[in-house]
>>> print(open('upload30.cif').read())   # mmCIF, C-alpha atoms and all ligand atoms
data_my_file
loop_
_atom_site.label_atom_id
_atom_site.label_comp_id
_atom_site.auth_asym_id
_atom_site.auth_seq_id
_atom_site.Cartn_x
_atom_site.Cartn_y
_atom_site.Cartn_z
CA MET A 1 7.20 23.35 -15.30
CA SER A 2 9.26 24.11 -18.39
CA LYS A 3 12.94 23.15 -18.63
CA HIS A 4 13.75 26.71 -19.76
CA PHE A 5 12.04 28.21 -16.65
CA LEU A 6 14.07 25.94 -14.38
CA GLU A 7 17.33 26.60 -16.27
CA GLU A 8 16.76 30.35 -15.91
CA ASP A 9 16.00 29.87 -12.21
CA SER A 10 19.24 27.91 -11.70
CA LYS A 11 21.21 30.95 -12.87
CA ALA A 12 19.30 33.37 -10.60
CA ILE A 13 20.09 34.26 -6.99
CA ARG A 14 16.88 33.73 -4.98
CA ASP A 15 16.18 34.98 -1.49
CA ILE A 16 15.36 31.48 -0.24
CA THR A 17 15.92 27.92 -1.45
CA VAL A 18 13.65 25.41 0.25
CA ILE A 19 14.93 21.84 0.44
CA GLY A 20 11.91 19.50 0.33
CA ALA A 21 8.58 19.77 -1.49
CA GLY A 22 6.59 18.05 1.26
CA PRO A 23 3.68 19.87 2.90
CA VAL A 24 5.99 21.89 5.12
CA GLY A 25 8.39 22.85 2.30
CA MET A 26 5.43 24.03 0.23
CA SER A 27 4.16 25.95 3.21
CA ALA A 28 7.59 27.64 3.48
CA ALA A 29 7.34 28.58 -0.21
CA PHE A 30 3.89 30.04 0.50
CA TRP A 31 5.16 32.14 3.41
CA ALA A 32 8.10 33.34 1.29
CA GLY A 33 5.59 34.49 -1.33
CA MET A 34 3.50 36.29 1.29
CA ARG A 35 6.64 38.06 2.55
CA GLU A 36 7.55 39.06 -1.03
CA ALA A 37 10.74 37.01 -0.95
CA SER A 38 11.81 35.15 -4.07
CA VAL A 39 11.97 31.40 -3.55
CA ARG A 40 12.62 28.08 -5.23
CA VAL A 41 11.98 24.54 -4.02
CA ILE A 42 13.98 21.39 -4.71
CA ASP A 43 13.14 17.74 -4.00
CA SER A 44 14.92 14.47 -4.69
CA LEU A 45 11.61 12.86 -5.71
CA PRO A 46 9.93 13.13 -9.12
CA GLU A 47 6.67 14.41 -7.50
CA ILE A 48 5.80 17.05 -4.92
CA GLY A 49 4.07 16.15 -1.63
CA GLY A 50 6.71 14.31 0.43
CA GLN A 51 5.27 11.60 2.67
CA LEU A 52 1.70 12.44 1.62
CA THR A 53 2.42 11.51 -2.00
CA THR A 54 4.84 8.66 -1.40
CA LEU A 55 3.26 6.91 1.56
CA TYR A 56 -0.45 7.71 1.84
CA PRO A 57 -1.97 9.73 -1.05
CA GLU A 58 -5.37 8.01 -0.74
CA LYS A 59 -5.68 8.25 3.06
CA TRP A 60 -7.95 10.73 4.84
CA ILE A 61 -6.26 13.25 7.16
CA PHE A 62 -8.50 14.48 9.98
CA ASP A 63 -6.22 16.81 11.94
CA VAL A 64 -5.34 19.65 9.63
CA PRO A 65 -7.30 22.55 11.11
CA GLY A 66 -9.88 23.98 8.72
CA HIS A 67 -10.30 20.61 6.98
CA PRO A 68 -12.77 18.31 8.78
CA ARG A 69 -11.14 15.68 6.60
CA VAL A 70 -8.99 15.85 3.51
CA LEU A 71 -7.38 13.21 1.28
CA ALA A 72 -3.59 13.48 1.46
CA LYS A 73 -3.35 13.91 -2.33
CA ASP A 74 -5.99 16.67 -2.25
CA LEU A 75 -4.07 18.55 0.46
CA VAL A 76 -0.99 18.33 -1.78
CA ALA A 77 -3.02 19.71 -4.72
CA GLN A 78 -4.32 22.59 -2.58
CA LEU A 79 -0.81 23.39 -1.35
CA ARG A 80 0.40 23.36 -4.94
CA GLU A 81 -2.27 25.88 -5.88
CA GLN A 82 -1.72 28.09 -2.84
CA ALA A 83 2.08 28.00 -2.69
CA ILE A 84 3.57 26.96 -6.02
CA ASP A 85 1.11 28.12 -8.69
CA GLN A 86 0.03 31.34 -6.97
CA PHE A 87 3.60 32.60 -6.61
CA HIS A 88 5.07 30.90 -9.73
CA VAL A 89 7.63 29.09 -7.59
CA PRO A 90 10.24 27.10 -9.56
CA VAL A 91 10.26 23.50 -8.32
CA HIS A 92 13.31 21.43 -9.22
CA LEU A 93 12.30 17.78 -8.92
CA ASP A 94 14.70 14.81 -9.11
CA THR A 95 17.24 17.15 -7.51
CA THR A 96 19.06 16.25 -4.30
CA ALA A 97 20.99 18.73 -2.16
CA LYS A 98 24.39 17.12 -1.54
CA ARG A 99 26.65 19.78 -0.09
CA VAL A 100 26.62 23.39 1.08
CA THR A 101 29.15 26.21 0.92
CA TRP A 102 29.00 29.96 1.49
CA GLU A 103 30.34 32.84 -0.61
CA ASP A 104 30.20 36.63 -0.68
CA ASP A 105 27.04 38.19 -2.10
CA PRO A 106 28.13 40.27 -5.14
CA GLU A 107 25.09 42.54 -4.67
CA ASN A 108 25.55 43.14 -0.95
CA PRO A 109 29.02 43.53 0.65
CA GLU A 110 27.59 42.68 4.08
CA GLY A 111 25.59 39.70 2.87
CA GLN A 112 26.49 36.10 2.20
CA LEU A 113 25.13 33.60 -0.29
CA VAL A 114 24.45 29.99 0.50
CA VAL A 115 25.49 27.74 -2.39
CA LEU A 116 23.65 24.43 -2.58
CA HIS A 117 25.54 21.81 -4.51
CA THR A 118 22.94 19.46 -5.93
CA ASP A 119 23.27 16.47 -8.22
CA GLU A 120 21.87 18.79 -10.93
CA GLY A 121 24.26 21.70 -10.35
CA GLU A 122 24.69 24.69 -8.02
CA LEU A 123 21.85 26.86 -6.71
CA ARG A 124 22.48 30.19 -4.97
CA SER A 125 20.29 31.97 -2.46
CA ARG A 126 20.55 34.35 0.48
CA ALA A 127 19.04 31.79 2.84
CA VAL A 128 18.14 28.09 2.87
CA ILE A 129 15.21 26.47 4.64
CA VAL A 130 15.53 22.73 5.14
CA ALA A 131 12.12 21.02 5.12
CA GLY A 132 13.57 17.61 4.38
CA GLY A 133 11.27 15.39 6.47
CA HIS A 134 13.11 12.19 7.26
CA GLY A 135 15.68 12.95 4.56
CA ALA A 136 15.77 12.26 0.87
CA PHE A 137 13.31 9.58 -0.10
CA GLU A 138 14.43 6.77 -2.32
CA PRO A 139 12.22 3.85 -3.29
CA LYS A 140 13.67 0.47 -2.37
CA ARG A 141 14.63 -1.45 -5.50
CA LEU A 142 13.70 -5.02 -6.31
CA PRO A 143 16.42 -7.32 -4.98
CA GLY A 144 17.82 -9.63 -7.63
CA PHE A 145 16.15 -8.01 -10.67
CA ASP A 146 17.13 -4.77 -12.37
CA MET A 147 13.92 -2.88 -13.18
CA THR A 148 15.74 0.29 -14.29
CA PRO A 149 15.31 -0.32 -18.05
CA TRP A 150 11.52 -0.47 -17.54
CA GLU A 151 11.20 2.71 -15.47
CA GLY A 152 9.15 5.19 -17.51
CA ARG A 153 7.94 2.29 -19.68
CA GLY A 154 5.38 0.81 -17.30
CA ALA A 155 7.33 0.27 -14.07
CA HIS A 156 6.29 2.68 -11.28
CA TYR A 157 7.42 3.28 -7.70
CA LEU A 158 5.04 6.16 -6.97
CA VAL A 159 1.41 6.79 -7.78
CA GLY A 160 0.81 10.50 -8.26
CA GLU A 161 -2.58 10.02 -9.92
CA LYS A 162 -4.54 6.77 -9.98
CA HIS A 163 -5.79 7.41 -13.49
CA VAL A 164 -2.42 6.41 -15.00
CA PHE A 165 -3.58 2.85 -14.24
CA GLN A 166 -7.06 3.35 -15.76
CA ASP A 167 -8.18 0.07 -17.39
CA GLN A 168 -4.67 -1.36 -17.13
CA ARG A 169 -3.56 -4.82 -16.04
CA VAL A 170 -1.47 -3.89 -13.01
CA MET A 171 0.99 -6.13 -11.15
CA ILE A 172 1.69 -4.91 -7.62
CA ILE A 173 4.87 -6.17 -5.94
CA GLY A 174 5.22 -6.25 -2.15
CA GLY A 175 3.79 -7.66 1.05
CA GLY A 176 3.51 -4.58 3.25
CA ASP A 177 0.86 -1.93 3.93
CA SER A 178 1.47 0.16 0.85
CA ALA A 179 1.21 -2.82 -1.54
CA PHE A 180 -2.04 -3.96 0.09
CA ASP A 181 -3.46 -0.42 0.27
CA TRP A 182 -2.80 0.02 -3.46
CA VAL A 183 -4.52 -3.27 -4.31
CA LEU A 184 -7.69 -1.93 -2.66
CA ASN A 185 -7.27 1.61 -4.00
CA LEU A 186 -6.87 0.49 -7.60
CA LEU A 187 -9.86 -1.88 -7.63
CA ASP A 188 -12.06 0.84 -9.13
CA THR A 189 -9.42 1.92 -11.66
CA ALA A 190 -7.37 -1.01 -12.95
CA GLU A 191 -8.83 -3.63 -15.29
CA GLN A 192 -6.99 -6.41 -13.48
CA ILE A 193 -4.77 -6.57 -10.39
CA THR A 194 -2.16 -9.21 -9.62
CA LEU A 195 -0.42 -9.07 -6.24
CA VAL A 196 3.01 -10.71 -6.18
CA HIS A 197 5.05 -11.41 -3.05
CA ARG A 198 8.13 -13.57 -2.46
CA ARG A 199 6.73 -15.08 0.72
CA ASP A 200 3.39 -16.52 1.76
CA GLY A 201 3.23 -14.28 4.84
CA PHE A 202 2.47 -10.55 4.70
CA ARG A 203 3.59 -7.59 6.82
CA ALA A 204 0.49 -5.52 6.03
CA HIS A 205 -2.17 -4.70 8.62
CA GLU A 206 -4.34 -7.75 9.37
CA ALA A 207 -7.61 -6.03 8.45
CA THR A 208 -6.25 -4.90 5.06
CA VAL A 209 -4.89 -8.38 4.34
CA ALA A 210 -8.36 -9.82 5.10
CA GLN A 211 -9.98 -7.30 2.72
CA VAL A 212 -7.54 -8.17 -0.07
CA LEU A 213 -7.98 -11.92 0.47
CA ALA A 214 -11.76 -11.41 0.20
CA GLU A 215 -11.19 -9.77 -3.21
CA VAL A 216 -8.97 -12.72 -4.19
CA GLU A 217 -11.86 -15.06 -3.25
CA LYS A 218 -14.23 -13.03 -5.45
CA GLY A 219 -11.74 -13.33 -8.33
CA ARG A 220 -11.16 -9.56 -8.54
CA VAL A 221 -7.49 -9.88 -7.52
CA GLN A 222 -4.97 -12.57 -8.51
CA LEU A 223 -2.53 -13.53 -5.77
CA ARG A 224 0.86 -15.00 -6.72
CA THR A 225 2.94 -16.20 -3.74
CA PRO A 226 5.68 -17.18 -3.18
CA HIS A 227 6.67 -15.64 -6.51
CA GLU A 228 9.24 -13.21 -7.86
CA ILE A 229 9.83 -11.50 -11.17
CA ALA A 230 12.16 -13.53 -13.40
CA ALA A 231 11.88 -11.43 -16.60
CA VAL A 232 9.97 -8.53 -18.13
CA HIS A 233 9.08 -8.49 -21.82
CA GLY A 234 7.77 -5.82 -24.16
CA ASP A 235 8.64 -3.57 -27.03
CA SER A 236 8.47 0.07 -25.97
CA GLU A 237 6.23 -0.65 -22.94
CA ILE A 238 5.82 -3.61 -20.58
CA GLU A 239 3.66 -6.33 -22.15
CA GLN A 240 4.45 -9.53 -20.22
CA VAL A 241 6.12 -10.64 -17.02
CA THR A 242 7.66 -14.03 -16.33
CA LEU A 243 7.03 -15.01 -12.71
CA ARG A 244 9.09 -17.64 -10.90
CA ASN A 245 7.82 -19.71 -8.00
CA VAL A 246 10.66 -19.34 -5.47
CA GLU A 247 9.99 -22.81 -4.00
CA ASP A 248 9.77 -25.10 -7.03
CA GLN A 249 11.36 -22.67 -9.57
CA SER A 250 8.46 -23.21 -12.03
CA GLU A 251 7.76 -20.25 -14.30
CA SER A 252 4.58 -18.72 -15.70
CA ILE A 253 3.88 -15.77 -18.00
CA GLU A 254 1.40 -13.00 -17.16
CA GLU A 255 0.03 -10.40 -19.59
CA ILE A 256 0.60 -7.05 -17.85
CA ASP A 257 0.53 -3.33 -18.74
CA ALA A 258 2.11 -1.88 -15.60
CA ILE A 259 4.17 -2.92 -12.57
CA LEU A 260 3.81 -1.02 -9.30
CA LEU A 261 6.75 -1.73 -6.99
CA GLN A 262 5.78 -1.16 -3.35
CA LEU A 263 8.82 -2.34 -1.44
CA GLY A 264 8.98 0.67 0.84
CA PHE A 265 11.18 3.75 0.88
CA LYS A 266 14.62 4.35 2.28
CA THR A 267 14.92 7.68 4.04
CA ALA A 268 18.14 8.98 5.38
CA LEU A 269 19.48 12.36 6.31
CA GLY A 270 22.25 11.14 4.01
CA PRO A 271 24.28 14.06 2.70
CA LEU A 272 22.78 16.51 5.26
CA LYS A 273 24.63 14.67 8.03
CA GLU A 274 27.94 15.91 6.66
CA TRP A 275 27.00 19.61 6.56
CA GLY A 276 27.95 20.32 10.18
CA PHE A 277 24.45 20.59 11.69
CA ASN A 278 23.87 19.63 15.29
CA VAL A 279 22.06 16.30 14.68
CA GLU A 280 20.15 14.49 17.43
CA LYS A 281 18.25 11.25 16.82
CA GLY A 282 18.39 11.74 13.06
CA ALA A 283 16.93 15.28 13.18
CA LEU A 284 18.35 18.80 13.00
CA VAL A 285 18.46 20.68 16.28
CA VAL A 286 16.90 24.15 15.90
CA ASP A 287 16.36 27.03 18.31
CA HIS A 288 12.99 28.71 18.93
CA GLN A 289 13.49 30.75 15.76
CA MET A 290 13.90 27.54 13.74
CA HIS A 291 17.53 28.44 13.13
CA THR A 292 19.96 25.57 12.72
CA THR A 293 23.54 25.77 13.89
CA LEU A 294 24.63 26.81 10.36
CA ASP A 295 24.74 30.37 9.09
CA ARG A 296 21.65 31.42 7.05
CA ILE A 297 20.10 27.96 7.26
CA TRP A 298 16.75 27.45 8.99
CA ALA A 299 14.70 24.24 9.19
CA CYS A 300 11.07 23.26 9.73
CA GLY A 301 8.81 20.20 9.70
CA ASP A 302 9.66 16.60 10.50
CA ILE A 303 13.38 17.18 10.07
CA THR A 304 13.66 19.42 13.15
CA THR A 305 14.00 18.56 16.79
CA PHE A 306 13.63 20.75 19.89
CA ASP A 307 12.12 20.42 23.33
CA GLY A 308 8.38 19.83 22.85
CA LYS A 309 8.61 18.97 19.15
CA LEU A 310 5.49 17.52 17.50
CA LYS A 311 5.82 15.78 14.13
CA LEU A 312 2.55 16.91 12.56
CA ILE A 313 1.55 18.74 9.41
CA ALA A 314 -0.19 21.47 11.43
CA THR A 315 2.85 22.25 13.59
CA GLY A 316 5.16 22.02 10.55
CA PHE A 317 3.10 24.75 8.86
CA ALA A 318 3.65 27.04 11.86
CA GLU A 319 7.38 26.25 11.98
CA ALA A 320 7.60 27.21 8.28
CA ALA A 321 6.04 30.63 9.02
CA THR A 322 8.61 31.22 11.78
CA ALA A 323 11.58 30.05 9.67
CA VAL A 324 10.60 32.26 6.73
CA ALA A 325 10.00 35.30 8.97
CA GLN A 326 13.50 34.93 10.44
CA ALA A 327 15.14 34.31 7.06
CA VAL A 328 13.46 37.34 5.48
CA HIS A 329 14.38 39.54 8.47
CA THR A 330 18.02 38.40 8.19
CA ILE A 331 18.13 39.11 4.46
CA ARG A 332 16.33 42.46 4.82
CA PRO A 333 16.70 43.65 8.43
CA ASP A 334 14.13 46.43 7.90
CA THR A 335 11.44 43.76 7.37
CA LYS A 336 9.37 43.15 10.50
CA ILE A 337 9.36 39.60 11.86
CA GLN A 338 5.59 39.67 12.41
CA PRO A 339 3.83 39.39 9.03
CA LYS A 340 0.98 41.75 8.24
CA TYR A 341 -2.44 40.09 8.29
CA SER A 342 -3.42 38.67 4.91
CA THR A 343 -6.92 40.04 5.49
CA ASN A 344 -5.31 43.47 5.12
CA THR A 345 -2.64 42.80 2.49
CA GLY A 346 -4.28 40.18 0.28
CA VAL A 347 -1.84 38.03 -1.70
CA PRO A 348 1.10 39.99 -3.12
CA GLY A 349 1.60 37.68 -6.15
CA SER A 350 4.91 36.46 -7.49
CA VAL A 351 7.93 38.72 -7.06
CA GLU A 352 9.63 40.32 -10.02
CA GLY A 353 11.84 37.93 -11.98
CA GLN A 354 10.21 34.79 -10.64
CA ALA A 355 7.16 34.51 -12.91
C1 LIG B 1 1.18 6.76 7.02
C2 LIG B 1 1.31 8.14 7.59
C3 LIG B 1 0.20 8.83 8.01
C4 LIG B 1 0.31 10.12 8.55
N1 LIG B 1 -0.82 10.78 8.97
C5 LIG B 1 -0.72 12.03 9.47
C6 LIG B 1 -1.87 12.74 9.93
O1 LIG B 1 -2.99 12.20 9.91
N2 LIG B 1 -1.71 14.01 10.39
C7 LIG B 1 -0.47 14.63 10.45
O2 LIG B 1 -0.40 15.79 10.87
N3 LIG B 1 0.64 13.96 10.03
C8 LIG B 1 0.55 12.69 9.55
N4 LIG B 1 1.69 12.03 9.16
C9 LIG B 1 2.98 12.74 9.29
C10 LIG B 1 3.15 13.77 8.15
O3 LIG B 1 3.06 13.12 6.89
C11 LIG B 1 4.49 14.47 8.31
O4 LIG B 1 4.49 15.16 9.54
C12 LIG B 1 4.72 15.46 7.15
O5 LIG B 1 4.77 14.79 5.91
C13 LIG B 1 6.01 16.23 7.37
O6 LIG B 1 6.16 17.10 6.29
P1 LIG B 1 7.59 17.61 5.82
O7 LIG B 1 7.32 18.51 4.63
O8 LIG B 1 8.33 18.11 7.00
O9 LIG B 1 8.38 16.29 5.35
P2 LIG B 1 8.09 15.22 4.22
O10 LIG B 1 6.66 15.08 3.92
O11 LIG B 1 8.84 14.01 4.66
O12 LIG B 1 8.82 15.84 2.93
C14 LIG B 1 10.21 16.02 2.92
C15 LIG B 1 10.70 16.08 1.48
O13 LIG B 1 12.07 16.51 1.50
C16 LIG B 1 12.76 15.83 0.46
N5 LIG B 1 14.21 15.84 0.79
C17 LIG B 1 14.80 15.42 1.92
N6 LIG B 1 16.14 15.59 1.85
C18 LIG B 1 16.39 16.14 0.64
C19 LIG B 1 17.59 16.54 -0.03
N7 LIG B 1 18.82 16.41 0.54
N8 LIG B 1 17.48 17.06 -1.28
C20 LIG B 1 16.25 17.18 -1.88
N9 LIG B 1 15.10 16.80 -1.29
C21 LIG B 1 15.17 16.29 -0.05
C22 LIG B 1 12.17 14.43 0.51
O14 LIG B 1 12.35 13.75 -0.74
C23 LIG B 1 10.67 14.73 0.79
O15 LIG B 1 9.90 14.82 -0.39
C24 LIG B 1 1.60 10.75 8.64
C25 LIG B 1 2.73 10.06 8.20
C26 LIG B 1 2.60 8.77 7.69
C27 LIG B 1 3.84 8.05 7.24
#
>>> encode(input="upload30.cif", output="structure tokens", more="lines below")
Ligand SMILES: Cc1cc2nc3c(=O)[nH]c(=O)nc-3n(C[C@H](O)[C@H](O)[C@H](O)COP(=O)(O)OP(=O)(O)OC[C@H]3O[C@@H](n4cnc5c(N)ncnc54)[C@H](O)[C@@H]3O)c2cc1C
Amino acid sequence: MSKHFLEEDSKAIRDITVIGAGPVGMSAAFWAGMREASVRVIDSLPEIGGQLTTLYPEKWIFDVPGHPRVLAKDLVAQLREQAIDQFHVPVHLDTTAKRVTWEDDPENPEGQLVVLHTDEGELRSRAVIVAGGHGAFEPKRLPGFDMTPWEGRGAHYLVGEKHVFQDQRVMIIGGGDSAFDWVLNLLDTAEQITLVHRRDGFRAHEATVAQVLAEVEKGRVQLRTPHEIAAVHGDSEIEQVTLRNVEDQSESIEEIDAILLQLGFKTALGPLKEWGFNVEKGALVVDHQMHTTLDRIWACGDITTFDGKLKLIATGFAEAATAVAQAVHTIRPDTKIQPKYSTNTGVPGSVEGQA
């Protein structure tokens, strides 16, 4: 998505701003498109897909109706095609919503604009839909070693596409499920895999640990425990890593092309907590119309709570349809809440000014 397109979008007033590019946020963008409402999406992460991209891109999902089974990353790709590409929706990544205010709508004396104050500037829309999951995701950093200078030069926290590790010597850091899952997932892609953990014990699922240890036996995976990163070397990209044995402090050098840090993710409602929502057990209380307690702000997906709430992709999709219907009806009261059937309308395409 070009910088110019996003800069132009930042200046525009959209009907809806969706916070969160997880499956439910993308579904909200889709429904906005179907209702001929202009929309943008923001996410604090550098990739779309929310939990599906960050936590389980290579896992099969079996309970999304219409898909007997679908890989999480493939569902994200299909949502991108259906919601983002089809309606030319601007997606502002690496952008976190910090604060909200309201102001008069210059084009409508009876209307109000919601102003989202993000770490990348202000975004204005007539409604906001919060599809923020468990809150803004942030990868946990390596304790005791600053990896920031190597980010973008071979150090990764997320795997959008496995092929970035094609034929590379990859060092995976961590002792939990995601580190172990990635060892197995990259066996057919990476040239060499080294798993590094500070302790001898692992938190990952027993069966996965057994599978990885079998690969260590076969010599397909190198295991370095109890080790930690002492230094990273390279010119423009990572070339070598100095590992330190945390028990005897001895050091060794490994030739490496990429480091994949899998130390987990911190999620927190964070800034959203201060906005004045009714928050219960870390989630936003909504009514049966998916309306929050704040004017012109609806919510859907994992971030909501109400009596009978299910935290599932399928139910999140339905909540998104409801939230968008209500938002569009509030912005344009002559719009019916019930959408017309797509079998009759087809897909309207992107609204004027958005493409
Ligand atoms: C291992 C695992 C397996 C699962 N398997 C299944 C399954 O088989 N079937 C199923 O139905 N569900 C499954 N789930 C649950 C499913 O992933 C969630 O229900 C779904 O991801 C919720 O989607 P969402 O869009 O509401 O939130 P998320 O996917 O969490 O996306 C929310 C997005 O909002 C962004 N965000 C939050 N706050 C801000 C902010 N202030 N500014 C900018 N961006 C923000 C976050 O960065 C994130 O990208 C699984 C979950 C896990 C962890």
>>> residues_near_ligand(input="upload30.cif", ligand="ligand LIG 1 (chain B)", cutoff="7 Å", atoms="only C-alpha atoms and all ligand atoms", output="PDB file with C-alpha atoms, keeping the file's coordinate frame")
ATOM      1  CA  ILE A  19      14.930  21.840   0.440  1.00  0.00           C
ATOM      2  CA  GLY A  20      11.910  19.500   0.330  1.00  0.00           C
ATOM      3  CA  ALA A  21       8.580  19.770  -1.490  1.00  0.00           C
ATOM      4  CA  GLY A  22       6.590  18.050   1.260  1.00  0.00           C
ATOM      5  CA  PRO A  23       3.680  19.870   2.900  1.00  0.00           C
ATOM      6  CA  VAL A  24       5.990  21.890   5.120  1.00  0.00           C
ATOM      7  CA  GLY A  25       8.390  22.850   2.300  1.00  0.00           C
ATOM      8  CA  ILE A  42      13.980  21.390  -4.710  1.00  0.00           C
ATOM      9  CA  ASP A  43      13.140  17.740  -4.000  1.00  0.00           C
ATOM     10  CA  SER A  44      14.920  14.470  -4.690  1.00  0.00           C
ATOM     11  CA  LEU A  45      11.610  12.860  -5.710  1.00  0.00           C
ATOM     12  CA  ILE A  48       5.800  17.050  -4.920  1.00  0.00           C
ATOM     13  CA  GLY A  49       4.070  16.150  -1.630  1.00  0.00           C
ATOM     14  CA  GLY A  50       6.710  14.310   0.430  1.00  0.00           C
ATOM     15  CA  GLN A  51       5.270  11.600   2.670  1.00  0.00           C
ATOM     16  CA  LEU A  52       1.700  12.440   1.620  1.00  0.00           C
ATOM     17  CA  LEU A  55       3.260   6.910   1.560  1.00  0.00           C
ATOM     18  CA  TYR A  56      -0.450   7.710   1.840  1.00  0.00           C
ATOM     19  CA  ILE A  61      -6.260  13.250   7.160  1.00  0.00           C
ATOM     20  CA  PHE A  62      -8.500  14.480   9.980  1.00  0.00           C
ATOM     21  CA  ASP A  63      -6.220  16.810  11.940  1.00  0.00           C
ATOM     22  CA  VAL A  64      -5.340  19.650   9.630  1.00  0.00           C
ATOM     23  CA  THR A  95      17.240  17.150  -7.510  1.00  0.00           C
ATOM     24  CA  THR A  96      19.060  16.250  -4.300  1.00  0.00           C
ATOM     25  CA  ALA A  97      20.990  18.730  -2.160  1.00  0.00           C
ATOM     26  CA  LYS A  98      24.390  17.120  -1.540  1.00  0.00           C
ATOM     27  CA  ALA A 131      12.120  21.020   5.120  1.00  0.00           C
ATOM     28  CA  GLY A 132      13.570  17.610   4.380  1.00  0.00           C
ATOM     29  CA  GLY A 133      11.270  15.390   6.470  1.00  0.00           C
ATOM     30  CA  HIS A 134      13.110  12.190   7.260  1.00  0.00           C
ATOM     31  CA  GLY A 135      15.680  12.950   4.560  1.00  0.00           C
ATOM     32  CA  ALA A 136      15.770  12.260   0.870  1.00  0.00           C
ATOM     33  CA  PHE A 137      13.310   9.580  -0.100  1.00  0.00           C
ATOM     34  CA  LEU A 269      19.480  12.360   6.310  1.00  0.00           C
ATOM     35  CA  PRO A 271      24.280  14.060   2.700  1.00  0.00           C
ATOM     36  CA  LEU A 272      22.780  16.510   5.260  1.00  0.00           C
ATOM     37  CA  CYS A 300      11.070  23.260   9.730  1.00  0.00           C
ATOM     38  CA  GLY A 301       8.810  20.200   9.700  1.00  0.00           C
ATOM     39  CA  ASP A 302       9.660  16.600  10.500  1.00  0.00           C
ATOM     40  CA  ILE A 303      13.380  17.180  10.070  1.00  0.00           C
ATOM     41  CA  LYS A 311       5.820  15.780  14.130  1.00  0.00           C
ATOM     42  CA  LEU A 312       2.550  16.910  12.560  1.00  0.00           C
ATOM     43  CA  ILE A 313       1.550  18.740   9.410  1.00  0.00           C
ATOM     44  CA  ALA A 314      -0.190  21.470  11.430  1.00  0.00           C
ATOM     45  CA  GLY A 316       5.160  22.020  10.550  1.00  0.00           C
TER      46      GLY A 316
END
>>> closest_residue(input="upload30.cif", among="A:Pro348, A:Gly308, A:Gly219, A:Gly353", to="Phe30 (chain A)", atoms="all atoms listed in the file")
A:Pro348
>>> closest_atom_pairs(input="upload30.cif", of="region 92-157 of chain A", to="region 239-244 of chain A", cutoff="12 Å", atoms="all atoms listed in the file", output="JSON lines")
{"residue": "A:Phe145", "atom": "CA", "partner": "A:Leu243", "partner_atom": "CA", "distance": 11.7}
{"residue": "A:Met147", "atom": "CA", "partner": "A:Val241", "partner_atom": "CA", "distance": 11.7}
{"residue": "A:Trp150", "atom": "CA", "partner": "A:Glu239", "partner_atom": "CA", "distance": 10.8}
{"residue": "A:Arg153", "atom": "CA", "partner": "A:Glu239", "partner_atom": "CA", "distance": 9.9}
{"residue": "A:Gly154", "atom": "CA", "partner": "A:Glu239", "partner_atom": "CA", "distance": 8.8}
{"residue": "A:Ala155", "atom": "CA", "partner": "A:Glu239", "partner_atom": "CA", "distance": 11.1}
>>> residues_around(input="upload30.cif", residues="region 5-11 of chain A", least_positions_apart="3", cutoff="10 Å", atoms="only C-alpha atoms", output="list in words")
Met1, Ser2, Arg14, Val39, Arg40, Val89, Pro90, Val91, His92, Leu93, Glu120, Gly121, Glu122, Leu123, Arg124, Gly353, Gln354 and Ala355 of chain A
>>> atom_distance(input="upload30.cif", atom1="CA of Gly111 (chain A)", atom2="CA of Gly349 (chain A)")
25.7 Å
>>> residues_around(input="upload30.cif", residues="Glu191 (chain A)", least_positions_apart="6", cutoff="7 Å", atoms="all atoms listed in the file", output="ChimeraX atom specification")
/A:167-169
>>> write_last_selection(input="upload30.cif", atoms="C-alpha atoms", output="PDB file, keeping the file's coordinate frame")
ATOM      1  CA  ASP A 167      -8.180   0.070 -17.390  1.00  0.00           C
ATOM      2  CA  GLN A 168      -4.670  -1.360 -17.130  1.00  0.00           C
ATOM      3  CA  ARG A 169      -3.560  -4.820 -16.040  1.00  0.00           C
TER       4      ARG A 169
END
>>> residues_around(input="upload30.cif", residues="Ser125 (chain A)", least_positions_apart="3", cutoff="12 Å", atoms="only C-alpha atoms", output="compact mmCIF listing (two decimals) with C-alpha atoms, keeping the file's coordinate frame")
# COMPACT_ATOMS: atom_id res chain seq x y z
CA ASP A 9 16.00 29.87 -12.21
CA SER A 10 19.24 27.91 -11.70
CA LYS A 11 21.21 30.95 -12.87
CA ALA A 12 19.30 33.37 -10.60
CA ILE A 13 20.09 34.26 -6.99
CA ARG A 14 16.88 33.73 -4.98
CA ASP A 15 16.18 34.98 -1.49
CA ILE A 16 15.36 31.48 -0.24
CA THR A 17 15.92 27.92 -1.45
CA VAL A 18 13.65 25.41 0.25
CA ILE A 19 14.93 21.84 0.44
CA ALA A 37 10.74 37.01 -0.95
CA SER A 38 11.81 35.15 -4.07
CA VAL A 39 11.97 31.40 -3.55
CA ARG A 40 12.62 28.08 -5.23
CA VAL A 41 11.98 24.54 -4.02
CA VAL A 100 26.62 23.39 1.08
CA THR A 101 29.15 26.21 0.92
CA TRP A 102 29.00 29.96 1.49
CA GLU A 103 30.34 32.84 -0.61
CA ASP A 104 30.20 36.63 -0.68
CA ASP A 105 27.04 38.19 -2.10
CA PRO A 106 28.13 40.27 -5.14
CA GLU A 107 25.09 42.54 -4.67
CA GLY A 111 25.59 39.70 2.87
CA GLN A 112 26.49 36.10 2.20
CA LEU A 113 25.13 33.60 -0.29
CA VAL A 114 24.45 29.99 0.50
CA VAL A 115 25.49 27.74 -2.39
CA LEU A 116 23.65 24.43 -2.58
CA HIS A 117 25.54 21.81 -4.51
CA GLU A 122 24.69 24.69 -8.02
CA VAL A 128 18.14 28.09 2.87
CA ILE A 129 15.21 26.47 4.64
CA ARG A 296 21.65 31.42 7.05
CA ILE A 297 20.10 27.96 7.26
CA ALA A 327 15.14 34.31 7.06
CA VAL A 328 13.46 37.34 5.48
CA ILE A 331 18.13 39.11 4.46
